[in-house]
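S.K.: Please see the structure below; I have some questions.
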Amino acid sequence: MGLPFFRELFEALWESKHEDITDNLDYMRGEYNPTHSRPPEEKQLICKAFTEAFRLVLMPHQLNFTHYPRVLEMFLRYARFYADQEPWNAEVRNLFIYPDIFTPSYYDAEIQSPMTLDFIFLEHVQQMEGFMGTALFGRWARLPDNLNFLSQYLKRTLELLLYASLNCCDVLFAAQVRWNAALLAAIPELAGEFEPVIRVVSRCQNRAFIFMPEGRIRLKAELERIIKLSRSAESSALLNKLQSALDEVNASVMPVSRQSLSVEAIYHAALKDIMADEILSPEEKEMIRNLREFVPIAPDSYQRIFDKTLAEKQAAPAAAAGEFAADVFMRKLIDDFCHSLDEQSTEMLLATGDALLLSRKTVKSWLENARQQPPSSQNSAPKITWPGISPASQSALDKLGECEALAAELRASSVFARIEARAAELDKIMRKSAAETAPENVDLLLARNSFTAFLSDPGVVRVPTIIYFIFSPQIHHARLQFKGETMQAHLQVEIEKLLAAKIPFIQGDILSLYNGDLNRSIESQFYCKDGLETFVDGLRQSKGVYRIALVNFPSLTPVKIFNQQGYIDMSGLFGQINSLFGQKKYAETIQACEALIKEQPALGQVSYMLARIYKTLAVDEIEPEKNFELAEIHYNEELKKMPGSIDAMLGLGIICKRRGDFASAEQWFEKALKVSPFCLSLIVTWVTTRMSRLTDEKCSTEEIVADVCRHLGPCYLIDPDNPILKDVVDYISSIFRKFLPGHITLTEIDYRNM
């Protein structure tokens, strides 16, 4: 029994002929009408054809993704009639899994599609919501094992909500919340699994909507509509609780102004404590007189603060109040302001201690101890958990907490205030220029500009930090650059030359940021020299530990953090070494590396560069045995300095592969993948090594292709347009004379951990 339009659709999808795909979908709408009477065999064939259509639409090269909503809409027309029959039952389950394929890569801005992937996901949710409101979906949900499947699905969505929030993606976050709400409204039996959803939404919604707060308003309107459709009182109560969670403001996530110590702040804090019982004893009056003597204030300012404090006390509910304790008050004042003090405000704080008859030596010791502690967030979000929390969800929660902790550090740092002022200055200049160049695309232009600064503030900022400022809420470009975890950094110019510059921020090729996972340099157009000298000192104190942080300006929201280890070359010599290596001046490169190692023996990447030179010489058949041995020595030297060096492990694996020791090579690559699972060059080398081993073992072509596809498929979710991936796919396709992306689509791959 033929299905001609499906066959033509498959051909068009395989070759990504978009006009033919659209035409076939239009024809099929009339030809395959679900209300037509058809024998069971033909209905099964139609379902299987839809399964293949979905797989072809979701091919990993992503060229067909834009057609997914149309194919889904046609499938759901049938599912409304046949969902409780096989094989339709199984395919409806897949509709809860398919979005996993495209949601992890929503921030890839380079797909050839008029719809970004987050909006494709939103379209999926809108269509599923209509289907879930039907009586047949209710019957489907109550088929054997389906309720348990939906229960597990709800737990799975917690991970997506966390990562959508972590990446500040309002569209993904709102769509998933809406889908979960519609599912509960349709299937009240899921009420027992819904509390964790509410907790995650409450914890994460501020960050999810931080750039696009109007998304929260739209989501609340959708939830109000869904609540009216709810079929049980328990579900309605939970959905109302979910909507209320969107009203909560978590102060630890929202940007707030830094407090600085002032005369007014001291008097407001002192009067608030002294007047706790609204009665001034003779001792307390004497203390206020002392304070006005040691920390002078204008009479009208004092009276205004006094009246305001008294009014606040009278309006507040009555509470038990003890006697004013000068030492307790002083320590609280120090804790509140110690991280934002300059020389003048420090003296003001000491004078306050004098007024309270406290030893100046004691106050100084309290101040020193407080400065050594990281700033605490008074409104830190409560830790959330639930039974059986997945490792991926726990990882997302940890990263979320790390971003919020960095935001608190930045707000508390007086050193960062100067860097922030430079960023504001540059933002103003760039916005003016962008408005003159392309007034309709200011945000888009700003998204492709960046500003790098160096921050080290002992006692406030935990480790020295390279801040990569983003000047637009359209941060897709920056996210794409920083996908993965393997980052390298070094100065291209000597620090002395940078410090000698007479301008506060510099434009040019100053800092080299390199994404080892994607094999991509990350450019920064502007650099702030404020803080560079203290950054060098901080790096020495931290023993080479530092971090690179993407921070949005002006909200000061940390978008992503990379924790690094390894000293950064401040002499500019490493940049020269790279240049010499690029010119194939290997003898000069070796001399420069050895000189740099003598100067800075703890510096990372230099031993790796030496190993790379010797490996290159060996591959070029220049004393191969000797040079491979030298390469091994220096790769191992690099691992002693930086135990997590992906480059060194990759290099050692390649040497084993060149020697034909595929088992040892794979062990090195797998060890490196545990450190950096998103490194494309590493995955590709590992896959081709497996291919060589399987070929040596005389495995069939089908077995080898299946193995290659299974392990190469996830690369399309990391960076589908990466030249490394394209080159290896073309190479393997030419060997086996097969269209590899198509075979990857037809191979079982677990995309859900990507």
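The way I read the labels, and the way they are meant: chains A, B, ... in the order of the structure tokens, residue 1 as the first residue of every chain, and ligand 1 as the first ligand shown, with later ones counted on from there.
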Write out as a ChimeraX atom specification which residues come within 12 Å of A:Asp647 when counting only C-alpha atoms, dropping same-chain ones fewer than 4 positions away.

M.R.: /A:486-488,516-517,519,604-609,611-612,634-636,638-639,642-643,651-654,668-669,671-673,675-676,679,681-682

S.K.: Atoms to include: N, CA, C and O atoms. Write the selected residues as a CSV table (one decimal), in the first residue's frame.

M.R.:
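In the end it all went to out24.csv:
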```
chain,number,residue,atom,x,y,z
A,486,THR,N,36.6,24.7,28.3
A,486,THR,CA,38.1,24.8,28.2
A,486,THR,C,38.5,26.2,27.7
A,486,THR,O,38.3,26.5,26.5
A,487,MET,N,39.0,27.0,28.5
A,487,MET,CA,39.5,28.4,28.2
A,487,MET,C,40.9,28.6,28.4
A,487,MET,O,41.5,28.0,29.4
A,488,GLN,N,41.6,29.3,27.6
A,488,GLN,CA,43.0,29.7,27.8
A,488,GLN,C,43.1,31.2,27.7
A,488,GLN,O,42.4,31.8,26.9
A,516,GLY,N,39.2,26.4,23.8
A,516,GLY,CA,39.7,25.1,23.4
A,516,GLY,C,38.7,24.1,22.9
A,516,GLY,O,39.0,23.2,22.1
A,517,ASP,N,37.5,24.1,23.4
A,517,ASP,CA,36.4,23.2,23.1
A,517,ASP,C,36.0,23.4,21.6
A,517,ASP,O,35.8,22.4,20.9
A,519,ASN,N,37.7,25.4,19.4
A,519,ASN,CA,38.9,25.7,18.6
A,519,ASN,C,38.6,27.1,18.0
A,519,ASN,O,38.7,27.4,16.8
A,604,GLY,N,51.7,27.8,33.0
A,604,GLY,CA,51.1,26.7,32.2
A,604,GLY,C,51.3,27.0,30.7
A,604,GLY,O,51.6,28.1,30.3
A,605,GLN,N,51.0,26.0,29.8
A,605,GLN,CA,51.0,26.0,28.4
A,605,GLN,C,52.4,26.0,27.7
A,605,GLN,O,52.6,25.7,26.6
A,606,VAL,N,53.5,26.4,28.5
A,606,VAL,CA,54.8,26.5,27.9
A,606,VAL,C,55.4,25.1,27.6
A,606,VAL,O,55.9,24.8,26.5
A,607,SER,N,55.3,24.2,28.6
A,607,SER,CA,55.7,22.8,28.4
A,607,SER,C,54.9,22.2,27.3
A,607,SER,O,55.4,21.4,26.5
A,608,TYR,N,53.6,22.5,27.2
A,608,TYR,CA,52.7,22.0,26.2
A,608,TYR,C,53.2,22.4,24.8
A,608,TYR,O,53.3,21.7,23.9
A,609,MET,N,53.6,23.7,24.7
A,609,MET,CA,54.1,24.2,23.4
A,609,MET,C,55.4,23.5,23.0
A,609,MET,O,55.6,23.2,21.8
A,611,ALA,N,56.2,20.5,23.8
A,611,ALA,CA,55.8,19.1,23.4
A,611,ALA,C,55.2,19.2,22.0
A,611,ALA,O,55.4,18.3,21.1
A,612,ARG,N,54.4,20.2,21.7
A,612,ARG,CA,53.8,20.3,20.4
A,612,ARG,C,54.8,20.5,19.3
A,612,ARG,O,54.7,19.9,18.2
A,634,HIS,N,57.6,16.4,27.7
A,634,HIS,CA,57.0,17.7,27.9
A,634,HIS,C,55.5,17.7,28.2
A,634,HIS,O,55.0,18.5,28.9
A,635,TYR,N,54.8,16.8,27.5
A,635,TYR,CA,53.4,16.6,27.8
A,635,TYR,C,53.2,16.2,29.3
A,635,TYR,O,52.3,16.8,30.0
A,636,ASN,N,54.0,15.3,29.8
A,636,ASN,CA,53.9,14.9,31.2
A,636,ASN,C,54.3,16.0,32.1
A,636,ASN,O,53.8,16.1,33.2
A,638,GLU,N,53.8,19.1,31.5
A,638,GLU,CA,52.6,20.0,31.5
A,638,GLU,C,51.6,19.5,32.5
A,638,GLU,O,50.9,20.2,33.2
A,639,LEU,N,51.4,18.1,32.5
A,639,LEU,CA,50.4,17.5,33.4
A,639,LEU,C,50.8,17.7,34.9
A,639,LEU,O,49.9,17.7,35.7
A,642,MET,N,49.7,21.3,35.4
A,642,MET,CA,48.3,21.5,35.3
A,642,MET,C,47.6,20.1,35.1
A,642,MET,O,47.5,19.7,33.9
A,643,PRO,N,47.3,19.4,36.1
A,643,PRO,CA,46.8,18.0,36.0
A,643,PRO,C,45.6,17.9,35.1
A,643,PRO,O,45.4,16.8,34.6
A,651,GLY,N,47.5,15.3,23.4
A,651,GLY,CA,48.8,15.1,22.8
A,651,GLY,C,49.3,13.7,23.0
A,651,GLY,O,49.8,13.0,22.1
A,652,LEU,N,49.3,13.2,24.3
A,652,LEU,CA,49.8,11.9,24.6
A,652,LEU,C,49.0,10.8,23.9
A,652,LEU,O,49.5,9.8,23.5
A,653,GLY,N,47.7,11.0,23.8
A,653,GLY,CA,46.8,10.1,23.1
A,653,GLY,C,47.2,10.0,21.6
A,653,GLY,O,47.2,8.9,21.0
A,654,ILE,N,47.5,11.1,21.0
A,654,ILE,CA,47.8,11.1,19.6
A,654,ILE,C,49.1,10.4,19.4
A,654,ILE,O,49.3,9.7,18.4
A,668,TRP,N,43.7,7.7,27.1
A,668,TRP,CA,44.0,9.1,27.3
A,668,TRP,C,42.8,10.0,26.9
A,668,TRP,O,42.5,11.0,27.6
A,669,PHE,N,42.2,9.7,25.7
A,669,PHE,CA,41.1,10.5,25.3
A,669,PHE,C,39.9,10.5,26.2
A,669,PHE,O,39.2,11.5,26.5
A,671,LYS,N,40.0,9.8,29.4
A,671,LYS,CA,40.4,10.5,30.6
A,671,LYS,C,40.2,12.0,30.4
A,671,LYS,O,39.6,12.7,31.3
A,672,ALA,N,40.6,12.5,29.2
A,672,ALA,CA,40.4,13.9,28.9
A,672,ALA,C,38.9,14.3,28.8
A,672,ALA,O,38.5,15.4,29.2
A,673,LEU,N,38.1,13.4,28.2
A,673,LEU,CA,36.7,13.7,28.0
A,673,LEU,C,36.0,13.9,29.4
A,673,LEU,O,35.0,14.6,29.5
A,675,VAL,N,37.2,15.4,31.8
A,675,VAL,CA,37.5,16.8,32.2
A,675,VAL,C,36.7,17.8,31.3
A,675,VAL,O,36.2,18.8,31.8
A,676,SER,N,36.7,17.5,30.0
A,676,SER,CA,36.1,18.4,29.1
A,676,SER,C,35.2,17.7,28.1
A,676,SER,O,35.7,17.4,27.0
A,679,CYS,N,34.7,19.2,24.2
A,679,CYS,CA,35.9,19.6,23.4
A,679,CYS,C,35.7,18.8,22.0
A,679,CYS,O,35.9,17.6,22.0
A,681,SER,N,37.6,18.9,19.2
A,681,SER,CA,38.8,18.2,18.6
A,681,SER,C,39.1,16.9,19.3
A,681,SER,O,39.5,16.0,18.7
A,682,LEU,N,38.8,16.9,20.6
A,682,LEU,CA,39.0,15.7,21.4
A,682,LEU,C,38.0,14.6,21.0
A,682,LEU,O,38.4,13.5,20.8
```

S.K.: If you take only C-alpha atoms and a cut-off of 9 Å, which residues of stretch 608-664 of chain A touch stretch 571-588 of chain A, and what are their nearest atom pairs and distances in Å to one decimal, in chain and number order, as a tab-separated table?

M.R.:
```
residue	atom	partner	partner_atom	distance
A:Met609	CA	A:Asn578	CA	8.4
A:Ile613	CA	A:Tyr586	CA	6.6
A:Tyr614	CA	A:Tyr586	CA	8.8
A:Leu617	CA	A:Tyr586	CA	8.6
```

S.K.: If we count only C-alpha atoms, what is near A:Pro554 at a cut-off of 10 Å, once residues fewer than 2 positions away on the same chain are taken out, given as a PyMOL selection string?

M.R.: chain A and resi 255+420+423-424+427+469-473+551-552+556-557

S.K.: Just give me the gap between atom CA of A:Leu166 and atom CA of A:Ser512 in Å, one decimal is fine.

M.R.: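 These atoms are spaced 26.1 Å apart.
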
S.K.: If we count only C-alpha atoms and set the cut-off at 12 Å, which residues sit around A:Gly508, ignoring sequence neighbours fewer than 3 positions away in its own chain? Please answer as an NGL selection string.

M.R.: :A and (450-452 or 491-493 or 498 or 505 or 511-512 or 523-528)

S.K.: With a distance cut-off of 9 Å and only C-alpha atoms, select the neighbouring residues of A:Leu219, excluding the residue or stretch itself and same-chain residues fewer than 2 positions from it, and output the selection as a PyMOL selection string.

M.R.: chain A and resi 174-175+177-178+214-217+221-224+243+246

S.K.: Which residues in stretch 341-540 of chain A does DSSP call alpha helix (DSSP H)? List them as a ChimeraX atom specification.

M.R.: /A:343-355,360-372,391-412,414-437,442-447,476-481,495-500,532-540

S.K.: Taking the chain letters and numbering used in this document, name the residues of stretch 490-706 of chain A that DSSP puts in strand (DSSP E), as a short mmCIF file (atom, residue, chain, number, x, y, z; two decimals) with all heavy atoms, in the first residue's frame.

M.R.:
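Output file selection.cif is given in full below:
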```cif
data_model
loop_
_atom_site.label_atom_id
_atom_site.label_comp_id
_atom_site.auth_asym_id
_atom_site.auth_seq_id
_atom_site.Cartn_x
_atom_site.Cartn_y
_atom_site.Cartn_z
N HIS A 490 46.12 34.55 27.95
CA HIS A 490 47.43 35.14 28.23
C HIS A 490 47.48 36.54 27.62
O HIS A 490 46.75 36.85 26.69
CB HIS A 490 48.58 34.27 27.69
CG HIS A 490 48.62 34.16 26.19
ND1 HIS A 490 47.97 33.15 25.53
CD2 HIS A 490 49.23 34.91 25.25
CE1 HIS A 490 48.17 33.29 24.22
NE2 HIS A 490 48.93 34.35 24.03
N LEU A 491 48.33 37.37 28.19
CA LEU A 491 48.49 38.73 27.67
C LEU A 491 49.36 38.69 26.43
O LEU A 491 50.37 37.99 26.38
CB LEU A 491 49.13 39.64 28.72
CG LEU A 491 48.24 40.08 29.88
CD1 LEU A 491 49.03 40.97 30.82
CD2 LEU A 491 47.01 40.80 29.39
N PHE A 505 41.13 53.06 29.10
CA PHE A 505 40.90 51.76 28.46
C PHE A 505 41.48 51.78 27.05
O PHE A 505 41.57 52.81 26.40
CB PHE A 505 39.42 51.36 28.45
CG PHE A 505 38.47 52.38 27.92
CD1 PHE A 505 38.33 52.58 26.55
CD2 PHE A 505 37.71 53.13 28.78
CE1 PHE A 505 37.43 53.51 26.06
CE2 PHE A 505 36.82 54.07 28.30
CZ PHE A 505 36.68 54.27 26.95
N ILE A 506 41.93 50.60 26.64
CA ILE A 506 42.75 50.47 25.45
C ILE A 506 42.02 49.60 24.44
O ILE A 506 41.33 48.65 24.80
CB ILE A 506 44.10 49.81 25.83
CG1 ILE A 506 44.78 50.60 26.95
CG2 ILE A 506 45.01 49.67 24.63
CD1 ILE A 506 45.86 49.84 27.67
N GLN A 507 42.18 49.93 23.17
CA GLN A 507 41.60 49.12 22.11
C GLN A 507 42.73 48.41 21.38
O GLN A 507 43.76 49.00 21.08
CB GLN A 507 40.81 50.00 21.12
CG GLN A 507 40.07 49.19 20.07
CD GLN A 507 39.16 50.06 19.22
OE1 GLN A 507 39.23 51.28 19.29
NE2 GLN A 507 38.33 49.45 18.41
N LEU A 511 44.65 40.95 25.05
CA LEU A 511 44.47 39.68 25.78
C LEU A 511 44.04 38.60 24.80
O LEU A 511 43.13 38.82 24.00
CB LEU A 511 43.41 39.84 26.87
CG LEU A 511 43.11 38.59 27.68
CD1 LEU A 511 44.23 38.30 28.66
CD2 LEU A 511 41.79 38.75 28.44
N SER A 512 44.66 37.44 24.89
CA SER A 512 44.24 36.32 24.06
C SER A 512 43.33 35.42 24.89
O SER A 512 43.75 34.85 25.89
CB SER A 512 45.46 35.52 23.60
OG SER A 512 45.05 34.32 22.97
N LEU A 513 42.06 35.35 24.49
CA LEU A 513 41.11 34.39 25.08
C LEU A 513 40.84 33.35 24.01
O LEU A 513 40.50 33.69 22.87
CB LEU A 513 39.81 35.08 25.47
CG LEU A 513 39.79 35.87 26.77
CD1 LEU A 513 38.43 36.52 26.97
CD2 LEU A 513 40.12 35.00 27.96
N TYR A 514 40.98 32.09 24.37
CA TYR A 514 40.83 31.03 23.37
C TYR A 514 39.95 29.92 23.92
O TYR A 514 40.16 29.44 25.03
CB TYR A 514 42.21 30.46 23.00
CG TYR A 514 42.16 29.42 21.93
CD1 TYR A 514 41.99 29.78 20.59
CD2 TYR A 514 42.27 28.06 22.23
CE1 TYR A 514 41.94 28.82 19.60
CE2 TYR A 514 42.21 27.09 21.25
CZ TYR A 514 42.05 27.48 19.93
OH TYR A 514 41.99 26.52 18.94
N ASN A 515 38.93 29.55 23.14
CA ASN A 515 38.01 28.48 23.51
C ASN A 515 38.55 27.17 22.95
O ASN A 515 38.43 26.91 21.75
CB ASN A 515 36.62 28.79 22.95
CG ASN A 515 35.58 27.77 23.39
OD1 ASN A 515 35.90 26.64 23.72
ND2 ASN A 515 34.33 28.18 23.40
N ARG A 520 38.33 28.09 18.88
CA ARG A 520 37.91 29.42 18.43
C ARG A 520 38.52 30.50 19.32
O ARG A 520 38.47 30.40 20.55
CB ARG A 520 36.38 29.50 18.48
CG ARG A 520 35.80 30.81 18.06
CD ARG A 520 34.29 30.74 18.07
NE ARG A 520 33.81 29.70 17.18
CZ ARG A 520 32.59 29.19 17.21
NH1 ARG A 520 31.74 29.60 18.12
NH2 ARG A 520 32.23 28.25 16.37
N SER A 521 39.09 31.53 18.71
CA SER A 521 39.56 32.69 19.47
C SER A 521 38.39 33.56 19.85
O SER A 521 37.43 33.71 19.09
CB SER A 521 40.55 33.50 18.64
OG SER A 521 41.72 32.75 18.40
N ILE A 522 38.43 34.13 21.03
CA ILE A 522 37.36 35.01 21.52
C ILE A 522 37.90 36.43 21.57
O ILE A 522 38.84 36.71 22.32
CB ILE A 522 36.87 34.55 22.90
CG1 ILE A 522 36.30 33.13 22.79
CG2 ILE A 522 35.82 35.49 23.46
CD1 ILE A 522 35.97 32.52 24.12
N PHE A 526 37.89 46.02 23.64
CA PHE A 526 38.39 47.04 24.56
C PHE A 526 38.87 46.40 25.85
O PHE A 526 38.31 45.41 26.31
CB PHE A 526 37.29 48.07 24.87
CG PHE A 526 36.76 48.77 23.66
CD1 PHE A 526 35.65 48.29 22.99
CD2 PHE A 526 37.38 49.91 23.17
CE1 PHE A 526 35.16 48.92 21.87
CE2 PHE A 526 36.90 50.55 22.04
CZ PHE A 526 35.79 50.06 21.38
N TYR A 527 39.89 47.02 26.46
CA TYR A 527 40.48 46.50 27.69
C TYR A 527 40.64 47.63 28.68
O TYR A 527 41.06 48.73 28.33
CB TYR A 527 41.86 45.87 27.40
CG TYR A 527 41.78 44.80 26.35
CD1 TYR A 527 41.83 45.11 25.01
CD2 TYR A 527 41.61 43.47 26.72
CE1 TYR A 527 41.73 44.14 24.04
CE2 TYR A 527 41.50 42.49 25.76
CZ TYR A 527 41.56 42.82 24.41
OH TYR A 527 41.44 41.85 23.47
N CYS A 528 40.31 47.35 29.93
CA CYS A 528 40.45 48.34 31.00
C CYS A 528 41.74 48.04 31.76
O CYS A 528 41.92 46.92 32.25
CB CYS A 528 39.24 48.26 31.93
SG CYS A 528 39.35 49.35 33.35
N VAL A 545 45.22 30.23 40.56
CA VAL A 545 43.77 30.02 40.41
C VAL A 545 43.13 31.34 40.01
O VAL A 545 43.37 32.37 40.62
CB VAL A 545 43.15 29.51 41.72
CG1 VAL A 545 41.64 29.40 41.59
CG2 VAL A 545 43.74 28.15 42.09
N TYR A 546 42.32 31.32 38.97
CA TYR A 546 41.60 32.52 38.54
C TYR A 546 40.31 32.09 37.85
O TYR A 546 40.04 30.89 37.72
CB TYR A 546 42.47 33.38 37.60
CG TYR A 546 42.74 32.78 36.24
CD1 TYR A 546 42.03 33.17 35.11
CD2 TYR A 546 43.73 31.80 36.08
CE1 TYR A 546 42.29 32.63 33.87
CE2 TYR A 546 43.99 31.24 34.85
CZ TYR A 546 43.27 31.66 33.74
OH TYR A 546 43.52 31.11 32.50
N ARG A 547 39.52 33.02 37.42
CA ARG A 547 38.29 32.67 36.70
C ARG A 547 38.02 33.70 35.62
O ARG A 547 38.47 34.85 35.70
CB ARG A 547 37.10 32.56 37.66
CG ARG A 547 36.77 33.84 38.37
CD ARG A 547 35.71 33.65 39.45
NE ARG A 547 35.63 34.83 40.29
CZ ARG A 547 34.94 34.89 41.42
NH1 ARG A 547 34.29 33.84 41.85
NH2 ARG A 547 34.91 36.00 42.13
N ILE A 548 37.30 33.26 34.61
CA ILE A 548 36.84 34.14 33.55
C ILE A 548 35.32 34.20 33.69
O ILE A 548 34.66 33.15 33.78
CB ILE A 548 37.22 33.61 32.16
CG1 ILE A 548 38.75 33.48 32.04
CG2 ILE A 548 36.69 34.52 31.06
CD1 ILE A 548 39.22 32.74 30.80
N ALA A 549 34.76 35.40 33.73
CA ALA A 549 33.31 35.53 33.95
C ALA A 549 32.69 36.42 32.89
O ALA A 549 33.18 37.52 32.63
CB ALA A 549 33.05 36.11 35.34
N LEU A 550 31.62 35.92 32.26
CA LEU A 550 30.79 36.76 31.39
C LEU A 550 29.82 37.52 32.27
O LEU A 550 29.07 36.89 33.03
CB LEU A 550 29.98 35.91 30.41
CG LEU A 550 30.65 35.45 29.12
CD1 LEU A 550 31.62 34.33 29.40
CD2 LEU A 550 29.60 34.99 28.12
N VAL A 551 29.83 38.84 32.18
CA VAL A 551 28.95 39.66 33.02
C VAL A 551 28.20 40.64 32.12
O VAL A 551 28.80 41.36 31.33
CB VAL A 551 29.76 40.42 34.08
CG1 VAL A 551 28.86 41.36 34.88
CG2 VAL A 551 30.45 39.45 35.02
N ASN A 552 26.87 40.64 32.24
CA ASN A 552 26.08 41.57 31.44
C ASN A 552 26.11 42.96 32.06
O ASN A 552 26.04 43.12 33.28
CB ASN A 552 24.63 41.09 31.34
CG ASN A 552 23.79 42.00 30.47
OD1 ASN A 552 23.17 42.93 30.96
ND2 ASN A 552 23.78 41.75 29.18
N THR A 557 24.80 41.09 35.75
CA THR A 557 24.38 39.70 35.92
C THR A 557 25.45 38.77 35.37
O THR A 557 25.73 38.80 34.17
CB THR A 557 23.07 39.44 35.16
OG1 THR A 557 22.09 40.36 35.61
CG2 THR A 557 22.59 38.01 35.36
N PRO A 558 26.08 37.94 36.20
CA PRO A 558 27.02 36.95 35.67
C PRO A 558 26.27 35.91 34.83
O PRO A 558 25.32 35.29 35.31
CB PRO A 558 27.63 36.31 36.92
CG PRO A 558 27.40 37.31 38.02
CD PRO A 558 26.09 37.95 37.68
N VAL A 559 26.67 35.75 33.58
CA VAL A 559 25.99 34.83 32.68
C VAL A 559 26.66 33.45 32.71
O VAL A 559 26.01 32.43 32.69
CB VAL A 559 25.99 35.39 31.24
CG1 VAL A 559 25.39 34.39 30.27
CG2 VAL A 559 25.22 36.71 31.20
N LYS A 560 27.99 33.45 32.79
CA LYS A 560 28.70 32.18 32.83
C LYS A 560 30.06 32.39 33.49
O LYS A 560 30.65 33.46 33.38
CB LYS A 560 28.88 31.62 31.41
CG LYS A 560 29.27 30.15 31.38
CD LYS A 560 29.01 29.52 30.02
CE LYS A 560 29.22 28.02 30.09
NZ LYS A 560 28.94 27.35 28.81
N ILE A 561 30.54 31.36 34.20
CA ILE A 561 31.81 31.45 34.92
C ILE A 561 32.67 30.24 34.55
O ILE A 561 32.19 29.11 34.53
CB ILE A 561 31.58 31.48 36.44
CG1 ILE A 561 30.79 32.72 36.85
CG2 ILE A 561 32.91 31.44 37.20
CD1 ILE A 561 30.32 32.72 38.29
N PHE A 562 33.94 30.51 34.26
CA PHE A 562 34.90 29.44 33.97
C PHE A 562 35.98 29.48 35.05
O PHE A 562 36.70 30.47 35.16
CB PHE A 562 35.55 29.64 32.60
CG PHE A 562 34.56 29.71 31.48
CD1 PHE A 562 34.02 30.91 31.08
CD2 PHE A 562 34.15 28.56 30.84
CE1 PHE A 562 33.10 30.98 30.06
CE2 PHE A 562 33.23 28.61 29.82
CZ PHE A 562 32.70 29.83 29.42
N ASN A 563 36.07 28.45 35.85
CA ASN A 563 37.11 28.37 36.87
C ASN A 563 38.36 27.76 36.27
O ASN A 563 38.33 26.67 35.72
CB ASN A 563 36.61 27.53 38.05
CG ASN A 563 35.44 28.19 38.74
OD1 ASN A 563 35.54 29.33 39.19
ND2 ASN A 563 34.31 27.51 38.81
N GLN A 564 39.46 28.50 36.36
CA GLN A 564 40.69 28.12 35.69
C GLN A 564 41.82 27.92 36.69
O GLN A 564 41.78 28.45 37.80
CB GLN A 564 41.11 29.22 34.70
CG GLN A 564 40.04 29.61 33.70
CD GLN A 564 39.78 28.53 32.68
OE1 GLN A 564 38.77 27.87 32.73
NE2 GLN A 564 40.70 28.32 31.76
N GLN A 565 42.85 27.21 36.26
CA GLN A 565 44.06 27.08 37.07
C GLN A 565 45.26 27.12 36.14
O GLN A 565 45.29 26.44 35.13
CB GLN A 565 44.06 25.78 37.87
CG GLN A 565 45.23 25.70 38.82
CD GLN A 565 45.06 24.59 39.85
OE1 GLN A 565 44.07 23.90 39.84
NE2 GLN A 565 46.02 24.44 40.73
#
```

S.K.: Which residues of stretch 393-510 of chain A come within 12 Å of stretch 206-211 of chain A, and what is each one's closest atom pair and distance in Å (one decimal), counting only C-alpha atoms, sorted by chain and residue number, as a tab-separated table?

M.R.:
```
residue	atom	partner	partner_atom	distance
A:Leu400	CA	A:Arg207	CA	9.1
A:Gly401	CA	A:Arg207	CA	11.3
A:Cys403	CA	A:Arg207	CA	10.1
A:Glu404	CA	A:Arg207	CA	9.4
A:Ala407	CA	A:Arg207	CA	11.7
A:Phe471	CA	A:Phe211	CA	11.7
A:Ser472	CA	A:Phe211	CA	9.3
A:Pro473	CA	A:Phe211	CA	5.9
A:Gln474	CA	A:Phe211	CA	9.0
A:Ile475	CA	A:Phe211	CA	10.2
```

S.K.: For the atom pair atom CA of A:Lys615 and atom CA of A:Glu594, what is the interatomic distance in Å to one decimal place?

M.R.: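 About the pair atom CA of A:Lys615 and atom CA of A:Glu594: they are 16.5 Å apart.
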
S.K.: Please list as number ranges by chain every residue within 10 Å of A:Ser456, counting only C-alpha atoms and excluding residues in the same chain fewer than 6 positions away.

M.R.: A: 413, 415-416, 462-466, 531-539, 546

S.K.: For A:Leu160, which residue among A:Arg289, A:Asn146, A:Ala396, A:Pro40 is the nearest when counting only C-alpha atoms?

M.R.: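 Distance minimum relative to A:Leu160 lands on A:Ala396.
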
S.K.: What lies within 9 Å of A:Ala245 using only C-alpha atoms, ignoring chain neighbours under 3 positions off, as a ChimeraX atom specification?

M.R.: /A:198-199,201-203,205,240-242,248-249
